[in-house]
file query14.cif (mmCIF, C-alpha atoms)
data_start
#
loop_
_atom_site.label_atom_id
_atom_site.label_comp_id
_atom_site.auth_asym_id
_atom_site.auth_seq_id
_atom_site.Cartn_x
_atom_site.Cartn_y
_atom_site.Cartn_z
CA MET F 1 -51.79 -36.39 6.83
CA LEU F 2 -51.31 -37.92 10.24
CA VAL F 3 -48.14 -40.00 9.97
CA VAL F 4 -46.67 -42.42 12.51
CA GLN F 5 -42.92 -42.85 12.05
CA LYS F 6 -41.02 -45.63 13.78
CA TYR F 7 -37.23 -45.53 13.99
CA GLY F 8 -35.28 -48.71 14.80
CA GLY F 9 -32.15 -49.10 16.86
CA THR F 10 -29.69 -48.48 14.01
CA SER F 11 -31.63 -45.36 12.98
CA VAL F 12 -31.07 -43.82 16.45
CA GLY F 13 -27.82 -45.64 17.16
CA SER F 14 -25.67 -42.54 17.74
CA THR F 15 -26.01 -38.83 18.42
CA GLU F 16 -25.33 -38.18 14.74
CA ARG F 17 -28.14 -40.54 13.73
CA ILE F 18 -30.53 -38.93 16.24
CA ARG F 19 -29.77 -35.54 14.68
CA ALA F 20 -30.49 -36.97 11.22
CA VAL F 21 -33.79 -38.48 12.40
CA ALA F 22 -34.80 -35.18 13.98
CA ASP F 23 -34.09 -33.41 10.68
CA ARG F 24 -36.31 -35.92 8.84
CA ILE F 25 -39.16 -35.43 11.33
CA ALA F 26 -38.81 -31.66 11.02
CA ARG F 27 -39.07 -31.94 7.22
CA THR F 28 -42.20 -34.06 7.50
CA ARG F 29 -43.74 -31.43 9.76
CA ALA F 30 -42.71 -28.70 7.33
CA GLU F 31 -44.69 -30.54 4.63
CA GLY F 32 -47.80 -29.93 6.73
CA HIS F 33 -48.19 -33.37 8.30
CA ASP F 34 -48.87 -34.21 11.95
CA VAL F 35 -46.33 -36.72 13.25
CA VAL F 36 -46.22 -39.28 16.06
CA VAL F 37 -42.78 -40.84 16.51
CA VAL F 38 -42.02 -44.27 17.99
CA VAL F 39 -38.41 -45.18 18.80
CA SER F 40 -36.40 -48.26 19.69
CA ALA F 41 -33.42 -48.28 22.04
CA MET F 42 -30.13 -47.00 20.62
CA GLY F 43 -28.10 -49.59 18.72
CA HIS F 44 -27.30 -52.65 20.81
CA THR F 45 -28.56 -51.17 24.11
CA THR F 46 -31.11 -53.93 24.73
CA ASP F 47 -28.48 -56.65 24.21
CA GLU F 48 -26.14 -54.83 26.57
CA LEU F 49 -28.84 -54.60 29.24
CA VAL F 50 -29.61 -58.32 28.87
CA ASP F 51 -25.90 -59.11 29.26
CA LEU F 52 -25.72 -56.84 32.29
CA ALA F 53 -28.57 -58.70 33.97
CA GLY F 54 -26.93 -62.02 33.11
CA ALA F 55 -23.73 -60.90 34.81
CA ILE F 56 -25.70 -60.30 38.00
CA VAL F 57 -27.89 -63.42 38.18
CA ASP F 58 -28.35 -66.60 36.14
CA ARG F 59 -32.13 -66.26 35.89
CA PRO F 60 -33.25 -62.64 36.21
CA ASP F 61 -36.74 -62.01 37.55
CA SER F 62 -39.07 -61.31 34.62
CA ARG F 63 -40.68 -58.27 36.24
CA GLU F 64 -37.30 -56.69 36.95
CA MET F 65 -36.11 -57.48 33.42
CA ASP F 66 -38.99 -55.45 32.02
CA GLN F 67 -38.12 -52.61 34.37
CA LEU F 68 -34.53 -52.75 33.12
CA LEU F 69 -35.14 -53.18 29.39
CA ALA F 70 -37.75 -50.42 29.23
CA THR F 71 -35.05 -47.87 30.07
CA GLY F 72 -33.34 -48.28 26.69
CA GLU F 73 -36.17 -46.69 24.72
CA GLN F 74 -36.55 -43.90 27.30
CA VAL F 75 -33.00 -42.74 26.54
CA SER F 76 -33.50 -42.51 22.78
CA ALA F 77 -36.96 -40.92 23.12
CA ALA F 78 -35.72 -38.19 25.47
CA LEU F 79 -32.65 -37.43 23.36
CA LEU F 80 -34.70 -37.21 20.17
CA ALA F 81 -37.26 -34.92 21.83
CA MET F 82 -34.43 -32.66 23.04
CA ARG F 83 -33.04 -32.40 19.53
CA LEU F 84 -36.45 -31.62 18.01
CA ILE F 85 -37.05 -28.86 20.56
CA SER F 86 -33.65 -27.36 19.70
CA LEU F 87 -34.76 -27.25 16.04
CA GLY F 88 -37.88 -25.31 16.97
CA VAL F 89 -40.18 -28.34 16.69
CA PRO F 90 -42.33 -28.74 19.84
CA ALA F 91 -41.87 -32.30 21.10
CA LYS F 92 -42.44 -34.37 24.21
CA SER F 93 -41.11 -37.82 25.04
CA LEU F 94 -43.56 -40.33 26.50
CA THR F 95 -43.11 -43.77 27.99
CA GLY F 96 -45.46 -46.50 26.84
CA TRP F 97 -47.77 -46.01 29.80
CA GLN F 98 -47.76 -42.21 29.40
CA ALA F 99 -48.84 -42.74 25.80
CA GLY F 100 -51.76 -44.88 27.00
CA ILE F 101 -50.51 -48.28 25.83
CA ALA F 102 -52.12 -51.00 27.97
CA THR F 103 -51.03 -54.62 27.53
CA GLU F 104 -51.80 -58.07 28.79
CA PRO F 105 -50.33 -58.73 32.25
CA VAL F 106 -47.40 -60.69 30.84
CA HIS F 107 -43.72 -59.89 31.29
CA GLY F 108 -41.31 -60.24 28.39
CA ASN F 109 -43.74 -60.89 25.54
CA ALA F 110 -46.96 -59.00 26.22
CA ARG F 111 -49.57 -58.13 23.61
CA VAL F 112 -51.15 -54.71 23.28
CA ALA F 113 -54.68 -54.85 24.72
CA ARG F 114 -55.83 -51.29 24.07
CA ILE F 115 -54.56 -47.73 23.67
CA ASP F 116 -56.05 -44.68 25.36
CA THR F 117 -55.22 -42.02 22.78
CA ALA F 118 -56.26 -39.02 24.89
CA ALA F 119 -52.69 -37.94 25.73
CA LEU F 120 -51.47 -38.36 22.15
CA ARG F 121 -54.44 -36.48 20.68
CA ALA F 122 -54.01 -33.65 23.18
CA LEU F 123 -50.36 -33.19 22.19
CA LEU F 124 -51.17 -33.30 18.48
CA ALA F 125 -53.90 -30.69 18.98
CA GLN F 126 -51.27 -28.44 20.57
CA GLY F 127 -48.91 -28.91 17.63
CA VAL F 128 -46.52 -31.06 19.68
CA VAL F 129 -44.73 -34.14 18.27
CA PRO F 130 -45.16 -37.07 20.71
CA VAL F 131 -41.99 -39.19 20.83
CA VAL F 132 -43.13 -42.53 22.23
CA THR F 133 -40.97 -45.34 23.60
CA GLY F 134 -41.67 -48.46 21.58
CA PHE F 135 -41.57 -52.03 22.87
CA GLN F 136 -43.38 -51.30 26.14
CA GLY F 137 -46.67 -50.67 27.88
CA ILE F 138 -48.32 -51.12 31.24
CA ALA F 139 -50.60 -53.73 32.84
CA ASP F 140 -52.07 -53.43 36.32
CA GLY F 141 -49.60 -50.67 37.14
CA GLU F 142 -46.58 -52.74 36.06
CA VAL F 143 -44.22 -52.02 33.17
CA THR F 144 -44.40 -54.70 30.46
CA THR F 145 -42.44 -55.28 27.27
CA LEU F 146 -43.64 -56.66 23.94
CA GLY F 147 -40.70 -58.92 23.03
CA ARG F 148 -37.95 -58.42 20.47
CA GLY F 149 -39.10 -56.32 17.54
CA GLY F 150 -41.94 -54.98 19.66
CA SER F 151 -41.42 -51.36 18.62
CA ASP F 152 -42.87 -52.23 15.18
CA THR F 153 -45.97 -53.47 16.97
CA SER F 154 -46.14 -50.33 19.10
CA ALA F 155 -46.06 -48.14 15.99
CA VAL F 156 -48.75 -50.09 14.13
CA ALA F 157 -50.97 -50.21 17.22
CA ILE F 158 -50.68 -46.44 17.69
CA ALA F 159 -51.38 -45.84 13.98
CA ALA F 160 -54.48 -48.03 14.18
CA ALA F 161 -55.75 -46.39 17.37
CA LEU F 162 -55.28 -42.87 15.96
CA GLY F 163 -56.59 -43.74 12.51
CA ALA F 164 -53.31 -42.52 10.99
CA ASP F 165 -53.05 -42.07 7.24
CA LEU F 166 -49.66 -43.78 7.09
CA CYS F 167 -47.27 -45.76 9.28
CA GLU F 168 -43.63 -45.59 8.18
CA ILE F 169 -41.16 -48.12 9.57
CA TYR F 170 -37.66 -46.70 9.25
CA THR F 171 -34.77 -49.13 9.41
CA ASP F 172 -31.27 -49.65 7.99
CA VAL F 173 -32.51 -51.27 4.75
CA GLU F 174 -34.39 -49.55 1.95
CA GLY F 175 -37.41 -51.83 2.06
CA VAL F 176 -38.42 -55.46 1.72
CA TYR F 177 -36.22 -57.47 -0.64
CA THR F 178 -36.87 -60.67 -2.54
CA THR F 179 -34.36 -62.24 -0.14
CA ASP F 180 -31.46 -61.20 2.10
CA PRO F 181 -29.11 -59.05 -0.06
CA ARG F 182 -26.18 -60.27 2.04
CA VAL F 183 -26.78 -63.78 0.69
CA VAL F 184 -27.92 -62.93 -2.84
CA LYS F 185 -26.25 -59.86 -4.35
CA THR F 186 -28.96 -59.63 -7.03
CA ALA F 187 -31.83 -59.47 -4.51
CA GLN F 188 -34.44 -56.95 -5.64
CA LYS F 189 -36.30 -54.42 -3.54
CA LEU F 190 -40.05 -54.89 -3.81
CA ALA F 191 -42.23 -51.88 -4.59
CA ALA F 192 -45.08 -53.56 -2.73
CA ILE F 193 -45.99 -56.78 -0.97
CA SER F 194 -49.27 -58.07 0.42
CA TYR F 195 -49.96 -58.36 4.14
CA ASP F 196 -50.24 -62.15 3.86
CA GLU F 197 -46.94 -62.52 2.00
CA MET F 198 -45.14 -60.21 4.43
CA LEU F 199 -46.57 -62.10 7.39
CA GLU F 200 -45.34 -65.42 6.00
CA LEU F 201 -41.87 -63.99 5.27
CA ALA F 202 -41.67 -62.47 8.75
CA ASN F 203 -42.68 -65.74 10.39
CA LEU F 204 -40.20 -67.66 8.22
CA GLY F 205 -37.12 -65.69 9.21
CA ALA F 206 -37.18 -62.36 7.35
CA GLN F 207 -36.29 -59.74 9.97
CA VAL F 208 -37.48 -56.53 8.32
CA LEU F 209 -40.82 -56.44 10.16
CA HIS F 210 -42.09 -58.11 13.31
CA PRO F 211 -44.86 -60.66 12.52
CA ARG F 212 -47.23 -59.24 15.13
CA ALA F 213 -46.92 -55.77 13.58
CA VAL F 214 -47.87 -57.13 10.15
CA GLU F 215 -50.76 -59.08 11.63
CA ASN F 216 -52.12 -55.95 13.33
CA ALA F 217 -51.60 -53.82 10.21
CA LYS F 218 -53.65 -56.27 8.17
CA HIS F 219 -56.39 -56.53 10.79
CA PHE F 220 -56.82 -52.76 11.15
CA GLY F 221 -56.02 -51.82 7.55
CA VAL F 222 -52.99 -49.72 8.47
CA LYS F 223 -51.13 -48.40 5.44
CA LEU F 224 -47.57 -49.54 6.05
CA VAL F 225 -44.32 -48.50 4.35
CA VAL F 226 -40.83 -49.84 5.12
CA ARG F 227 -38.09 -47.30 4.35
CA SER F 228 -34.46 -46.56 5.17
CA SER F 229 -33.61 -43.71 7.54
CA PHE F 230 -30.23 -43.44 5.80
CA THR F 231 -31.53 -42.46 2.33
CA GLU F 232 -34.42 -40.60 0.71
CA ARG F 233 -35.32 -43.44 -1.65
CA ASP F 234 -38.78 -44.95 -1.86
CA GLY F 235 -39.49 -47.94 0.32
CA THR F 236 -41.81 -50.95 0.14
CA GLN F 237 -45.55 -50.68 0.63
CA VAL F 238 -47.32 -53.43 2.59
CA VAL F 239 -50.84 -53.49 1.18
CA ALA F 240 -53.98 -55.55 0.79
CA GLU F 241 -53.89 -58.22 -1.89
CA ASN F 242 -56.35 -56.39 -4.13
CA GLN F 243 -54.11 -53.31 -4.22
CA LEU F 244 -51.25 -55.11 -5.94
CA GLU F 245 -50.94 -54.20 -9.60
CA GLY F 246 -48.24 -56.67 -10.58
CA ARG F 247 -46.94 -59.85 -9.11
CA ARG F 248 -44.60 -62.76 -9.38
CA VAL F 249 -45.62 -66.32 -8.68
CA VAL F 250 -43.01 -66.25 -5.90
CA THR F 251 -42.57 -62.89 -4.16
CA GLY F 252 -39.72 -63.69 -1.79
CA ILE F 253 -37.42 -66.30 -0.32
CA ALA F 254 -36.86 -66.56 3.41
CA PHE F 255 -34.54 -68.75 5.42
CA GLU F 256 -33.94 -69.63 9.02
CA ARG F 257 -30.83 -71.09 10.56
CA GLN F 258 -30.42 -73.03 13.85
CA VAL F 259 -33.13 -75.57 13.11
CA ALA F 260 -33.12 -79.04 14.68
CA ARG F 261 -35.23 -82.12 13.93
CA ILE F 262 -36.60 -84.73 16.33
CA ALA F 263 -38.12 -87.98 15.07
CA VAL F 264 -40.30 -90.10 17.35
CA VAL F 265 -40.18 -93.58 15.84
CA GLY F 266 -42.89 -96.20 16.25
CA VAL F 267 -45.63 -94.16 17.89
CA PRO F 268 -48.65 -96.42 18.51
CA VAL F 269 -51.71 -95.51 16.44
CA GLU F 270 -54.10 -94.29 19.05
CA GLU F 271 -55.87 -90.99 19.26
CA HIS F 272 -54.13 -89.48 22.28
CA ALA F 273 -50.44 -90.16 21.51
CA LEU F 274 -49.78 -87.09 19.34
CA ALA F 275 -51.87 -84.89 21.62
CA ALA F 276 -49.76 -86.00 24.60
CA ILE F 277 -46.45 -85.27 22.83
CA PHE F 278 -47.28 -81.83 21.49
CA SER F 279 -49.25 -80.75 24.55
CA ALA F 280 -46.27 -81.57 26.74
CA LEU F 281 -43.95 -79.56 24.48
CA ALA F 282 -46.32 -76.59 24.45
CA ASP F 283 -46.79 -76.67 28.23
CA ARG F 284 -43.01 -76.46 28.69
CA GLY F 285 -42.63 -73.55 26.27
CA VAL F 286 -41.08 -75.39 23.30
CA ASN F 287 -42.17 -73.92 19.97
CA VAL F 288 -42.67 -76.60 17.32
CA ASP F 289 -42.52 -75.67 13.65
CA VAL F 290 -42.64 -78.25 10.84
CA ILE F 291 -44.51 -81.49 11.67
CA VAL F 292 -44.49 -84.56 9.42
CA GLN F 293 -46.21 -87.89 10.12
CA SER F 294 -45.50 -91.03 8.12
CA VAL F 295 -47.39 -94.29 8.43
CA VAL F 296 -45.22 -97.30 9.26
CA ASP F 297 -47.96 -99.92 9.45
CA GLU F 298 -51.46 -100.31 10.83
CA GLN F 299 -50.21 -100.16 14.39
CA ALA F 300 -47.60 -97.36 14.35
CA VAL F 301 -46.51 -94.08 12.78
CA ASP F 302 -43.29 -92.07 12.81
CA VAL F 303 -43.58 -88.39 13.74
CA SER F 304 -40.90 -85.82 12.96
CA PHE F 305 -40.91 -82.17 13.98
CA THR F 306 -38.52 -79.24 14.07
CA VAL F 307 -37.59 -76.93 16.93
CA HIS F 308 -35.06 -74.17 17.38
CA GLU F 309 -31.61 -75.62 17.94
CA SER F 310 -31.45 -74.10 21.42
CA ASP F 311 -34.55 -76.13 22.40
CA LEU F 312 -33.30 -79.48 21.06
CA ASP F 313 -32.09 -81.02 24.32
CA LYS F 314 -35.11 -79.75 26.24
CA ALA F 315 -37.52 -81.12 23.63
CA GLU F 316 -35.76 -84.49 23.58
CA GLN F 317 -36.00 -84.75 27.37
CA ILE F 318 -39.71 -83.87 27.37
CA VAL F 319 -40.52 -86.50 24.74
CA ALA F 320 -38.32 -89.11 26.46
CA GLU F 321 -40.29 -88.66 29.68
CA LEU F 322 -43.42 -89.74 27.76
CA GLN F 323 -41.97 -93.02 26.46
CA PRO F 324 -43.24 -95.22 29.34
CA LYS F 325 -46.75 -93.80 28.89
CA ILE F 326 -46.93 -93.81 25.07
CA GLY F 327 -44.69 -96.78 24.27
CA PHE F 328 -42.91 -95.50 21.16
CA LYS F 329 -39.70 -97.26 20.08
CA ARG F 330 -37.03 -94.56 20.11
CA ILE F 331 -36.11 -90.91 19.57
CA GLU F 332 -33.80 -89.71 16.81
CA LYS F 333 -32.44 -86.17 16.52
CA GLU F 334 -30.57 -84.21 13.88
CA SER F 335 -28.83 -80.82 13.80
CA PRO F 336 -27.66 -78.40 12.59
CA LEU F 337 -30.33 -77.86 9.97
CA ALA F 338 -31.91 -74.87 8.28
CA LYS F 339 -35.25 -74.03 6.70
CA VAL F 340 -35.63 -72.33 3.33
CA SER F 341 -39.02 -71.13 2.08
CA ILE F 342 -40.58 -69.64 -1.02
CA VAL F 343 -43.55 -67.29 -0.49
CA GLY F 344 -46.01 -65.85 -2.98
CA ALA F 345 -49.76 -65.37 -3.26
CA GLY F 346 -49.40 -66.18 -6.95
CA MET F 347 -48.72 -69.79 -6.00
CA ILE F 348 -52.42 -70.32 -5.33
CA SER F 349 -53.29 -70.26 -9.03
CA ASN F 350 -50.04 -71.69 -10.41
CA PRO F 351 -49.66 -75.49 -10.05
CA GLY F 352 -46.23 -77.05 -10.09
CA VAL F 353 -44.43 -74.48 -7.96
CA ALA F 354 -43.40 -77.04 -5.34
CA ALA F 355 -42.07 -79.33 -8.07
CA GLN F 356 -40.04 -76.45 -9.50
CA MET F 357 -38.60 -75.78 -6.05
CA PHE F 358 -37.61 -79.42 -5.60
CA VAL F 359 -35.95 -79.45 -9.02
CA ALA F 360 -33.99 -76.30 -8.24
CA LEU F 361 -32.74 -77.77 -4.96
CA ARG F 362 -31.93 -81.09 -6.62
CA ASP F 363 -29.89 -79.38 -9.32
CA ALA F 364 -28.03 -77.44 -6.61
CA LYS F 365 -27.35 -80.77 -4.83
CA VAL F 366 -29.27 -79.71 -1.71
CA PRO F 367 -30.97 -82.67 0.02
CA ILE F 368 -34.45 -82.13 1.46
CA HIS F 369 -35.18 -83.59 4.89
CA MET F 370 -38.72 -82.32 5.49
CA VAL F 371 -41.37 -80.36 3.59
CA THR F 372 -44.34 -78.30 4.70
CA THR F 373 -46.73 -76.22 2.61
CA SER F 374 -49.55 -73.72 2.82
CA GLU F 375 -51.52 -71.89 0.13
CA ILE F 376 -48.79 -69.29 -0.36
CA LYS F 377 -45.59 -70.96 0.86
CA VAL F 378 -43.46 -74.06 0.55
CA SER F 379 -40.76 -74.71 3.16
CA CYS F 380 -37.97 -77.28 3.06
CA VAL F 381 -35.71 -78.36 5.91
CA ILE F 382 -32.17 -78.79 4.61
CA PRO F 383 -28.59 -79.16 5.92
CA ALA F 384 -27.47 -75.95 7.61
CA ASP F 385 -24.24 -75.63 5.65
CA LEU F 386 -26.16 -75.50 2.35
CA VAL F 387 -28.63 -72.75 3.19
CA GLU F 388 -26.90 -70.05 1.13
CA VAL F 389 -26.53 -72.41 -1.84
CA ALA F 390 -30.24 -73.19 -1.60
CA VAL F 391 -31.34 -69.55 -1.34
CA GLN F 392 -29.21 -68.55 -4.33
CA ALA F 393 -30.56 -71.44 -6.42
CA LEU F 394 -34.17 -70.60 -5.57
CA HIS F 395 -33.64 -66.92 -6.26
CA ARG F 396 -32.32 -67.77 -9.74
CA ALA F 397 -35.21 -70.13 -10.40
CA PHE F 398 -38.09 -67.97 -9.20
CA ILE F 399 -37.04 -64.32 -9.02
CA GLU F 400 -34.41 -63.65 -11.64
CA ALA F 401 -36.39 -65.58 -14.24
CA GLU F 402 -39.52 -63.45 -13.84
CA ALA F 403 -40.51 -59.84 -14.51
CA VAL F 404 -43.26 -57.90 -12.74
CA THR F 405 -45.10 -54.64 -13.35
CA PRO F 406 -43.75 -51.90 -11.02
CA LEU F 407 -46.06 -50.13 -8.58
CA THR F 408 -46.40 -46.48 -7.64
CA HIS F 409 -44.59 -45.80 -4.37
CA ALA F 410 -46.06 -44.16 -1.29
CA ARG F 411 -44.85 -40.68 -0.32
#
call {"tool": "encode", "arguments": {"input": "query14.cif", "output": "structure tokens"}}
result
Amino acid sequence: MLVVQKYGGTSVGSTERIRAVADRIARTRAEGHDVVVVVSAMGHTTDELVDLAGAIVDRPDSREMDQLLATGEQVSAALLAMRLISLGVPAKSLTGWQAGIATEPVHGNARVARIDTAALRALLAQGVVPVVTGFQGIADGEVTTLGRGGSDTSAVAIAAALGADLCEIYTDVEGVYTTDPRVVKTAQKLAAISYDEMLELANLGAQVLHPRAVENAKHFGVKLVVRSSFTERDGTQVVAENQLEGRRVVTGIAFERQVARIAVVGVPVEEHALAAIFSALADRGVNVDVIVQSVVDEQAVDVSFTVHESDLDKAEQIVAELQPKIGFKRIEKESPLAKVSIVGAGMISNPGVAAQMFVALRDAKVPIHMVTTSEIKVSCVIPADLVEVAVQALHRAFIEAEAVTPLTHAR
């Protein structure tokens, strides 16, 4: 097979870990597979570089930040290639641009536009293992980065471009769990999960995979497996819905802390008011999550929405600037809050799941401030100090009460 293996920061976090990763790659090669490796920066290197820039200037230039942050992956890629060569495995480290990764001309959060695979295919034809720096590419001759978690996206994009048989994401956990094992000791590792479910969990706070990587894997049909670089145990397959052999109604429970709510009270009922509010927030870079509108009377509505806690003051200021134009009554805000969500494709054909969630939270004495739903998820905004209580209650109600047919693992 042609296998793309991505190793995260903890997997290459020390010289000992780099040696262990090199041994794993060598074993994969010994099994007869061709391998392309994608690496993140060692440990907390990216955070340290961000802190270093912050000690120099308050607002670092975005182009220079990409120049700086891209160096982290170059260190781990070169060290890993050195170790592979010492083991008798031909290897060559490549930066994102050397590997042919072209992105949009955006600094800090670029998207992969295309990949010229000529360099990678040439190395593979020579029996060489390409060790590619994740998280980065090039646009118009300038180094760009893909945002936090971008190495996952690099690996999936390379796997798609090469038509790889498998893309393995190696991390410090053994796969995708029904929820965070640090919060629920009885959390269960999933044998498999659908692309759609994984995408929802990733967007809702689960940090195992980057949402953009899952989105690309689904779009290009990349066979994805999440595994631990610290053990030899099977991981979790991320597959198409029709490949799942067993399922729960609810597959997993995600949560997100540092949520804040803003309520705009008494917004006049006219077609441009909401457009003005949310366009202004978007134009100023404020990401809005849950939105709830309630009708007050024939002339006015109340609109509530959530933002990240760090954006609360900025969002309040933006909305306040619109008051003379729109004529709403007042702004209310609330924090700290959290968001807890249940996700499962089985919810589509099982009515009453939302009601069961509300009952579980009621019995756990967790008040619900806002609710939003989709076909395969229900999310509730709750007090921040009750998030662990809520997750544990939902895990008991939906996961521990159900059984599911196990799946055959990949590799």
call {"tool": "atom_distance", "arguments": {"input": "query14.cif", "atom1": "atom CA of Arg233 of chain F", "atom2": "atom CA of Ala187 of chain F"}}
result
16.7 Å
call {"tool": "closest_atom_pairs", "arguments": {"input": "query14.cif", "of": "segment 74-142 of chain F", "to": "segment 53-68 of chain F", "cutoff": "9 Å", "atoms": "only C-alpha atoms", "output": "tab-separated table"}}
result
residue	atom	partner	partner_atom	distance
F:Val106	CA	F:Arg63	CA	9.0
F:His107	CA	F:Ser62	CA	5.9
F:Gly108	CA	F:Asp66	CA	6.4
F:Gln136	CA	F:Asp66	CA	8.4
F:Glu142	CA	F:Arg63	CA	8.1
call {"tool": "closest_residue", "arguments": {"input": "query14.cif", "among": "F:Gln258, F:Thr45, F:Ser279, F:Ser11", "to": "Ile169 of chain F", "atoms": "all atoms listed in the file"}}
result
F:Ser11
call {"tool": "residues_around", "arguments": {"input": "query14.cif", "residues": "Glu256 of chain F", "least_positions_apart": "3", "cutoff": "8 Å", "atoms": "only C-alpha atoms", "output": "compact mmCIF listing (two decimals) with C-alpha atoms, in the coordinates of the input"}}
result
# COMPACT_ATOMS: atom_id res chain seq x y z
CA LEU F 204 -40.20 -67.66 8.22
CA GLY F 205 -37.12 -65.69 9.21
CA VAL F 259 -33.13 -75.57 13.11
CA ALA F 338 -31.91 -74.87 8.28
CA LYS F 339 -35.25 -74.03 6.70
CA VAL F 340 -35.63 -72.33 3.33
call {"tool": "closest_residue", "arguments": {"input": "query14.cif", "among": "F:Asp34, F:Met42, F:Ala320, F:Ala70", "to": "Glu16 of chain F", "atoms": "all atoms listed in the file"}}
result
F:Met42
call {"tool": "residues_around", "arguments": {"input": "query14.cif", "residues": "Val292 of chain F", "least_positions_apart": "4", "cutoff": "12 Å", "atoms": "only C-alpha atoms", "output": "number ranges by chain"}}
result
F: 261-265, 274, 288, 301-306, 369-373, 380-381
call {"tool": "closest_residue", "arguments": {"input": "query14.cif", "among": "F:Val183, F:Val214, F:Met82, F:Thr46", "to": "Gly147 of chain F", "atoms": "all atoms listed in the file"}}
result
F:Thr46
